[in-house]
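**Student:** Sharing start39.txt below, compact mmCIF, C-alpha atoms:
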```txt
# COMPACT_ATOMS: atom_id res chain seq x y z
CA MET G 1 62.95 50.51 15.34
CA ARG G 2 60.20 52.72 16.72
CA TRP G 3 56.82 52.76 14.97
CA GLN G 4 57.21 56.32 13.63
CA TYR G 5 60.20 55.27 11.56
CA ALA G 6 58.67 51.96 10.44
CA HIS G 7 55.61 53.93 9.30
CA LEU G 8 57.77 55.94 6.89
CA ASN G 9 58.07 52.86 4.67
CA GLU G 10 54.33 52.17 4.76
CA THR G 11 52.78 55.59 4.11
CA PRO G 12 52.20 56.80 0.54
CA TYR G 13 52.52 60.41 1.75
CA LEU G 14 55.67 62.51 1.93
CA TYR G 15 56.51 63.98 5.32
CA SER G 16 57.70 67.60 5.36
CA SER G 17 61.43 68.28 5.46
CA LYS G 18 60.94 70.07 8.79
CA HIS G 19 59.29 66.98 10.31
CA LEU G 20 61.97 64.67 8.89
CA LYS G 21 64.72 66.90 10.33
CA GLN G 22 63.11 66.61 13.77
CA MET G 23 62.89 62.84 13.36
CA HIS G 24 66.55 62.75 12.30
CA LYS G 25 67.59 64.54 15.48
CA LYS G 26 65.67 61.98 17.55
CA ALA G 27 66.80 58.89 15.61
CA ARG G 28 68.37 56.31 17.92
CA SER G 29 69.67 53.73 15.49
CA LYS G 30 71.06 53.23 12.02
CA ASP G 31 67.81 51.40 11.07
CA GLU G 32 65.77 54.50 11.88
CA THR G 33 68.10 56.69 9.83
CA GLU G 34 67.95 54.22 6.92
CA ALA G 35 64.13 54.28 7.10
CA MET G 36 64.25 58.06 6.67
CA TRP G 37 66.66 57.73 3.74
CA GLY G 38 64.39 55.16 2.08
CA HIS G 39 61.37 57.44 2.55
CA MET G 40 63.13 60.34 0.83
CA GLN G 41 64.37 58.16 -2.03
CA LYS G 42 60.91 56.66 -2.54
CA HIS G 43 59.51 60.16 -3.06
CA GLU G 44 62.55 61.28 -5.11
CA VAL G 45 63.22 64.40 -3.05
CA ASP G 46 66.94 63.82 -2.45
CA ASP G 47 67.62 66.31 -5.25
CA TYR G 48 69.10 69.84 -5.20
CA GLU G 49 65.76 71.09 -6.50
CA TYR G 50 64.22 70.38 -3.07
CA LYS G 51 66.64 72.28 -0.84
CA GLY G 52 65.22 71.32 2.58
CA TYR G 53 65.18 67.65 1.70
CA TYR G 54 68.49 67.86 -0.18
CA ASN G 55 70.41 69.21 2.81
CA LEU G 56 68.94 66.54 5.07
CA ALA G 57 69.71 63.85 2.48
CA ARG G 58 73.38 64.93 2.39
CA GLN G 59 73.54 64.77 6.21
CA ILE G 60 71.99 61.32 6.30
CA GLN G 61 74.23 60.02 3.50
CA GLU G 62 77.31 61.30 5.31
CA GLU G 63 76.12 59.70 8.54
CA LEU G 64 75.34 56.34 6.92
CA HIS G 65 78.22 56.06 4.48
CA GLY G 66 80.90 58.46 5.71
CA GLU G 67 83.80 58.91 3.31
CA GLU G 68 83.04 55.77 1.32
CA THR G 69 84.87 55.55 -2.01
CA VAL G 70 83.98 53.52 -5.08
CA ASP G 71 86.07 53.04 -8.24
CA MET G 72 84.04 53.82 -11.36
CA GLU G 73 84.58 53.82 -15.12
CA TRP G 74 83.99 57.03 -17.11
CA GLY G 75 81.15 55.41 -19.07
CA ASP G 76 79.35 54.53 -15.84
CA ILE G 77 79.78 58.05 -14.52
CA PHE G 78 78.20 59.70 -17.58
CA GLU G 79 75.43 57.10 -17.70
CA ASP G 80 74.51 57.29 -14.01
CA TYR G 81 75.31 60.93 -13.16
CA LYS G 82 74.72 64.37 -14.65
CA PRO G 83 77.03 67.36 -14.12
CA VAL G 84 75.35 70.27 -12.30
CA MET G 85 76.82 73.69 -11.59
CA THR G 86 76.07 74.92 -8.06
CA LYS G 87 77.24 77.94 -6.10
CA ASP G 88 80.00 75.69 -4.68
CA GLY G 89 81.17 74.54 -8.10
CA LEU G 90 80.61 71.57 -10.39
CA LYS G 91 78.92 68.56 -8.80
CA LEU G 92 77.57 65.25 -10.09
CA GLU G 93 73.95 64.31 -9.35
CA LYS G 94 72.59 60.81 -9.69
CA ARG G 95 70.18 60.45 -12.60
CA ARG G 96 66.73 59.01 -11.93
CA LYS G 97 66.00 55.86 -13.87
CA THR G 98 62.50 54.55 -14.51
CA ASP G 99 61.74 51.32 -16.38
CA GLY G 100 65.18 51.22 -17.94
CA GLN G 101 64.85 54.75 -19.34
CA CYS G 102 66.55 57.79 -17.94
CA LYS G 103 64.22 60.73 -17.43
CA THR G 104 65.53 64.28 -17.25
CA ARG G 105 63.47 66.89 -15.47
CA PHE G 106 63.02 70.31 -17.07
CA PRO G 107 64.30 72.94 -14.60
CA PHE G 108 61.25 75.23 -14.53
CA THR G 109 58.35 72.80 -14.90
CA ASN G 110 57.19 69.53 -13.46
CA ALA G 111 57.41 67.91 -16.91
CA TYR G 112 59.85 65.18 -17.81
CA SER G 113 61.57 64.48 -21.11
CA ILE G 114 62.29 60.95 -22.26
```
What would you get if you wrote out this structure as structure tokens?
**Tutor:**
Amino acid sequence: MRWQYAHLNETPYLYSSKHLKQMHKKARSKDETEAMWGHMQKHEVDDYEYKGYYNLARQIQEELHGEETVDMEWGDIFEDYKPVMTKDGLKLEKRRKTDGQCKTRFPFTNAYSI
């Protein structure tokens, strides 16, 4: 893995979505792509709220996992995912969990509810 990609895991700063898209185009290995994915997850920007990052996150997930399927129970789905209406229809987004508590973000502020 080249140093630019290894540095993603070390820096406390979030790279711009534009810079990450350029890095994604130049990525040579699965390790480099996974480093980018880890960087975006660490900063919690793989959410529809952050459109530039969200689109890149979907591309990277598709590239890393393809059409992977997992059997789930309904209870797990409602505990781990929240339904969200988008222009393309109803989708499920993964909930963010912190210290065993699920935090929901208010749509128009940076505040969280517990």
**Student:** Point out the residue among G:Arg2, G:Lys51, G:His7, G:His19 with the least atom-to-atom distance to Gly38 in chain G, counting all atoms listed in the file.
**Tutor:**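 For Gly38 in chain G, the nearest of the candidates is G:His7.
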**Student:** Using all atoms listed in the file, which residues sit within 12 Å of range 84-86 of chain G once same-chain residues fewer than 6 positions away are excluded, as a ChimeraX atom specification?
**Tutor:** /G:47-49,92-95,107
**Student:** Enter the distance from CA of Tyr53 in chain G to CA of Trp3 in chain G, in Å, rounded to one decimal.
**Tutor:** 21.6 Å
**Student:** Any idea what the distance is between CA of Lys26 in chain G and CA of Met40 in chain G?
**Tutor:** 17.0 Å
**Student:** Report, in Å with one decimal, the straight-line distance from CA of Ser16 in chain G to CA of Tyr54 in chain G.
**Tutor:**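 Here the two named atoms are 12.1 Å from each other.
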**Student:** Pick out the residues sitting within 10 Å of range 59-62 of chain G, and hand them over as a ChimeraX atom specification; count only C-alpha atoms, and ignore anything fewer than 2 positions along from it in its own chain.
**Tutor:** /G:21,24,30,33-34,36-37,53-57,64-68
**Student:** Keeping only C-alpha atoms, write the selected residues as a PDB file, in the frame of the given file.
**Tutor:**
```
ATOM      1  CA  LYS G  21      64.720  66.900  10.330  1.00  0.00           C
ATOM      2  CA  HIS G  24      66.550  62.750  12.300  1.00  0.00           C
ATOM      3  CA  LYS G  30      71.060  53.230  12.020  1.00  0.00           C
ATOM      4  CA  THR G  33      68.100  56.690   9.830  1.00  0.00           C
ATOM      5  CA  GLU G  34      67.950  54.220   6.920  1.00  0.00           C
ATOM      6  CA  MET G  36      64.250  58.060   6.670  1.00  0.00           C
ATOM      7  CA  TRP G  37      66.660  57.730   3.740  1.00  0.00           C
ATOM      8  CA  TYR G  53      65.180  67.650   1.700  1.00  0.00           C
ATOM      9  CA  TYR G  54      68.490  67.860  -0.180  1.00  0.00           C
ATOM     10  CA  ASN G  55      70.410  69.210   2.810  1.00  0.00           C
ATOM     11  CA  LEU G  56      68.940  66.540   5.070  1.00  0.00           C
ATOM     12  CA  ALA G  57      69.710  63.850   2.480  1.00  0.00           C
ATOM     13  CA  LEU G  64      75.340  56.340   6.920  1.00  0.00           C
ATOM     14  CA  HIS G  65      78.220  56.060   4.480  1.00  0.00           C
ATOM     15  CA  GLY G  66      80.900  58.460   5.710  1.00  0.00           C
ATOM     16  CA  GLU G  67      83.800  58.910   3.310  1.00  0.00           C
ATOM     17  CA  GLU G  68      83.040  55.770   1.320  1.00  0.00           C
TER      18      GLU G  68
END
```
**Student:** Can you pull out every residue within 7 Å of His39 in chain G, counting all atoms listed in the file, but drop anything in the same chain fewer than 3 positions away, and send it as an mmCIF file with C-alpha atoms, in the frame of the given file?
**Tutor:**
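Output contents, as saved in around06.cif:
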```
data_model
loop_
_atom_site.group_PDB
_atom_site.id
_atom_site.type_symbol
_atom_site.label_atom_id
_atom_site.label_comp_id
_atom_site.auth_asym_id
_atom_site.auth_seq_id
_atom_site.Cartn_x
_atom_site.Cartn_y
_atom_site.Cartn_z
ATOM 1 C CA LEU G 8 57.770 55.940 6.890
ATOM 2 C CA ASN G 9 58.070 52.860 4.670
ATOM 3 C CA ALA G 35 64.130 54.280 7.100
ATOM 4 C CA MET G 36 64.250 58.060 6.670
ATOM 5 C CA LYS G 42 60.910 56.660 -2.540
ATOM 6 C CA HIS G 43 59.510 60.160 -3.060
#
```
**Student:** Which residues are near Gly52 in chain G? Cut-off 10 Å, all atoms listed in the file, ignore same chain within fewer than 6 positions. Put them as a count of residues only.
**Tutor:** 7
**Student:** Reconstruct N, CA and C atoms of range 10-24 of chain G from the incomplete input and present them as a PDB file, in the coordinates of the input.
**Tutor:**
```pdb
ATOM      1  N   GLU G  10      55.678  52.634   5.056  1.00  0.00           N
ATOM      2  CA  GLU G  10      54.330  52.170   4.760  1.00  0.00           C
ATOM      3  C   GLU G  10      53.436  53.268   4.179  1.00  0.00           C
ATOM      4  N   THR G  11      53.670  54.501   4.537  1.00  0.00           N
ATOM      5  CA  THR G  11      52.780  55.590   4.110  1.00  0.00           C
ATOM      6  C   THR G  11      53.049  56.011   2.669  1.00  0.00           C
ATOM      7  N   PRO G  12      52.000  56.303   1.909  1.00  0.00           N
ATOM      8  CA  PRO G  12      52.200  56.800   0.540  1.00  0.00           C
ATOM      9  C   PRO G  12      52.452  58.313   0.518  1.00  0.00           C
ATOM     10  N   TYR G  13      52.392  58.961   1.672  1.00  0.00           N
ATOM     11  CA  TYR G  13      52.520  60.410   1.750  1.00  0.00           C
ATOM     12  C   TYR G  13      53.940  60.819   2.130  1.00  0.00           C
ATOM     13  N   LEU G  14      54.352  61.968   1.633  1.00  0.00           N
ATOM     14  CA  LEU G  14      55.670  62.510   1.930  1.00  0.00           C
ATOM     15  C   LEU G  14      55.590  63.407   3.156  1.00  0.00           C
ATOM     16  N   TYR G  15      56.424  63.122   4.144  1.00  0.00           N
ATOM     17  CA  TYR G  15      56.510  63.980   5.320  1.00  0.00           C
ATOM     18  C   TYR G  15      57.283  65.250   4.945  1.00  0.00           C
ATOM     19  N   SER G  16      57.008  66.340   5.633  1.00  0.00           N
ATOM     20  CA  SER G  16      57.700  67.600   5.360  1.00  0.00           C
ATOM     21  C   SER G  16      59.168  67.487   5.753  1.00  0.00           C
ATOM     22  N   SER G  17      60.001  68.305   5.131  1.00  0.00           N
ATOM     23  CA  SER G  17      61.430  68.280   5.460  1.00  0.00           C
ATOM     24  C   SER G  17      61.647  68.701   6.911  1.00  0.00           C
ATOM     25  N   LYS G  18      60.830  69.620   7.395  1.00  0.00           N
ATOM     26  CA  LYS G  18      60.940  70.070   8.790  1.00  0.00           C
ATOM     27  C   LYS G  18      60.673  68.897   9.744  1.00  0.00           C
ATOM     28  N   HIS G  19      59.625  68.126   9.465  1.00  0.00           N
ATOM     29  CA  HIS G  19      59.290  66.980  10.310  1.00  0.00           C
ATOM     30  C   HIS G  19      60.384  65.910  10.243  1.00  0.00           C
ATOM     31  N   LEU G  20      60.906  65.665   9.040  1.00  0.00           N
ATOM     32  CA  LEU G  20      61.970  64.670   8.890  1.00  0.00           C
ATOM     33  C   LEU G  20      63.248  65.105   9.604  1.00  0.00           C
ATOM     34  N   LYS G  21      63.537  66.409   9.604  1.00  0.00           N
ATOM     35  CA  LYS G  21      64.720  66.900  10.330  1.00  0.00           C
ATOM     36  C   LYS G  21      64.569  66.663  11.829  1.00  0.00           C
ATOM     37  N   GLN G  22      63.363  66.881  12.349  1.00  0.00           N
ATOM     38  CA  GLN G  22      63.110  66.610  13.770  1.00  0.00           C
ATOM     39  C   GLN G  22      63.275  65.126  14.069  1.00  0.00           C
ATOM     40  N   MET G  23      62.755  64.285  13.177  1.00  0.00           N
ATOM     41  CA  MET G  23      62.890  62.840  13.360  1.00  0.00           C
ATOM     42  C   MET G  23      64.366  62.431  13.303  1.00  0.00           C
ATOM     43  N   HIS G  24      65.131  63.071  12.419  1.00  0.00           N
ATOM     44  CA  HIS G  24      66.550  62.750  12.300  1.00  0.00           C
ATOM     45  C   HIS G  24      67.297  63.062  13.591  1.00  0.00           C
TER      46      HIS G  24
END
```
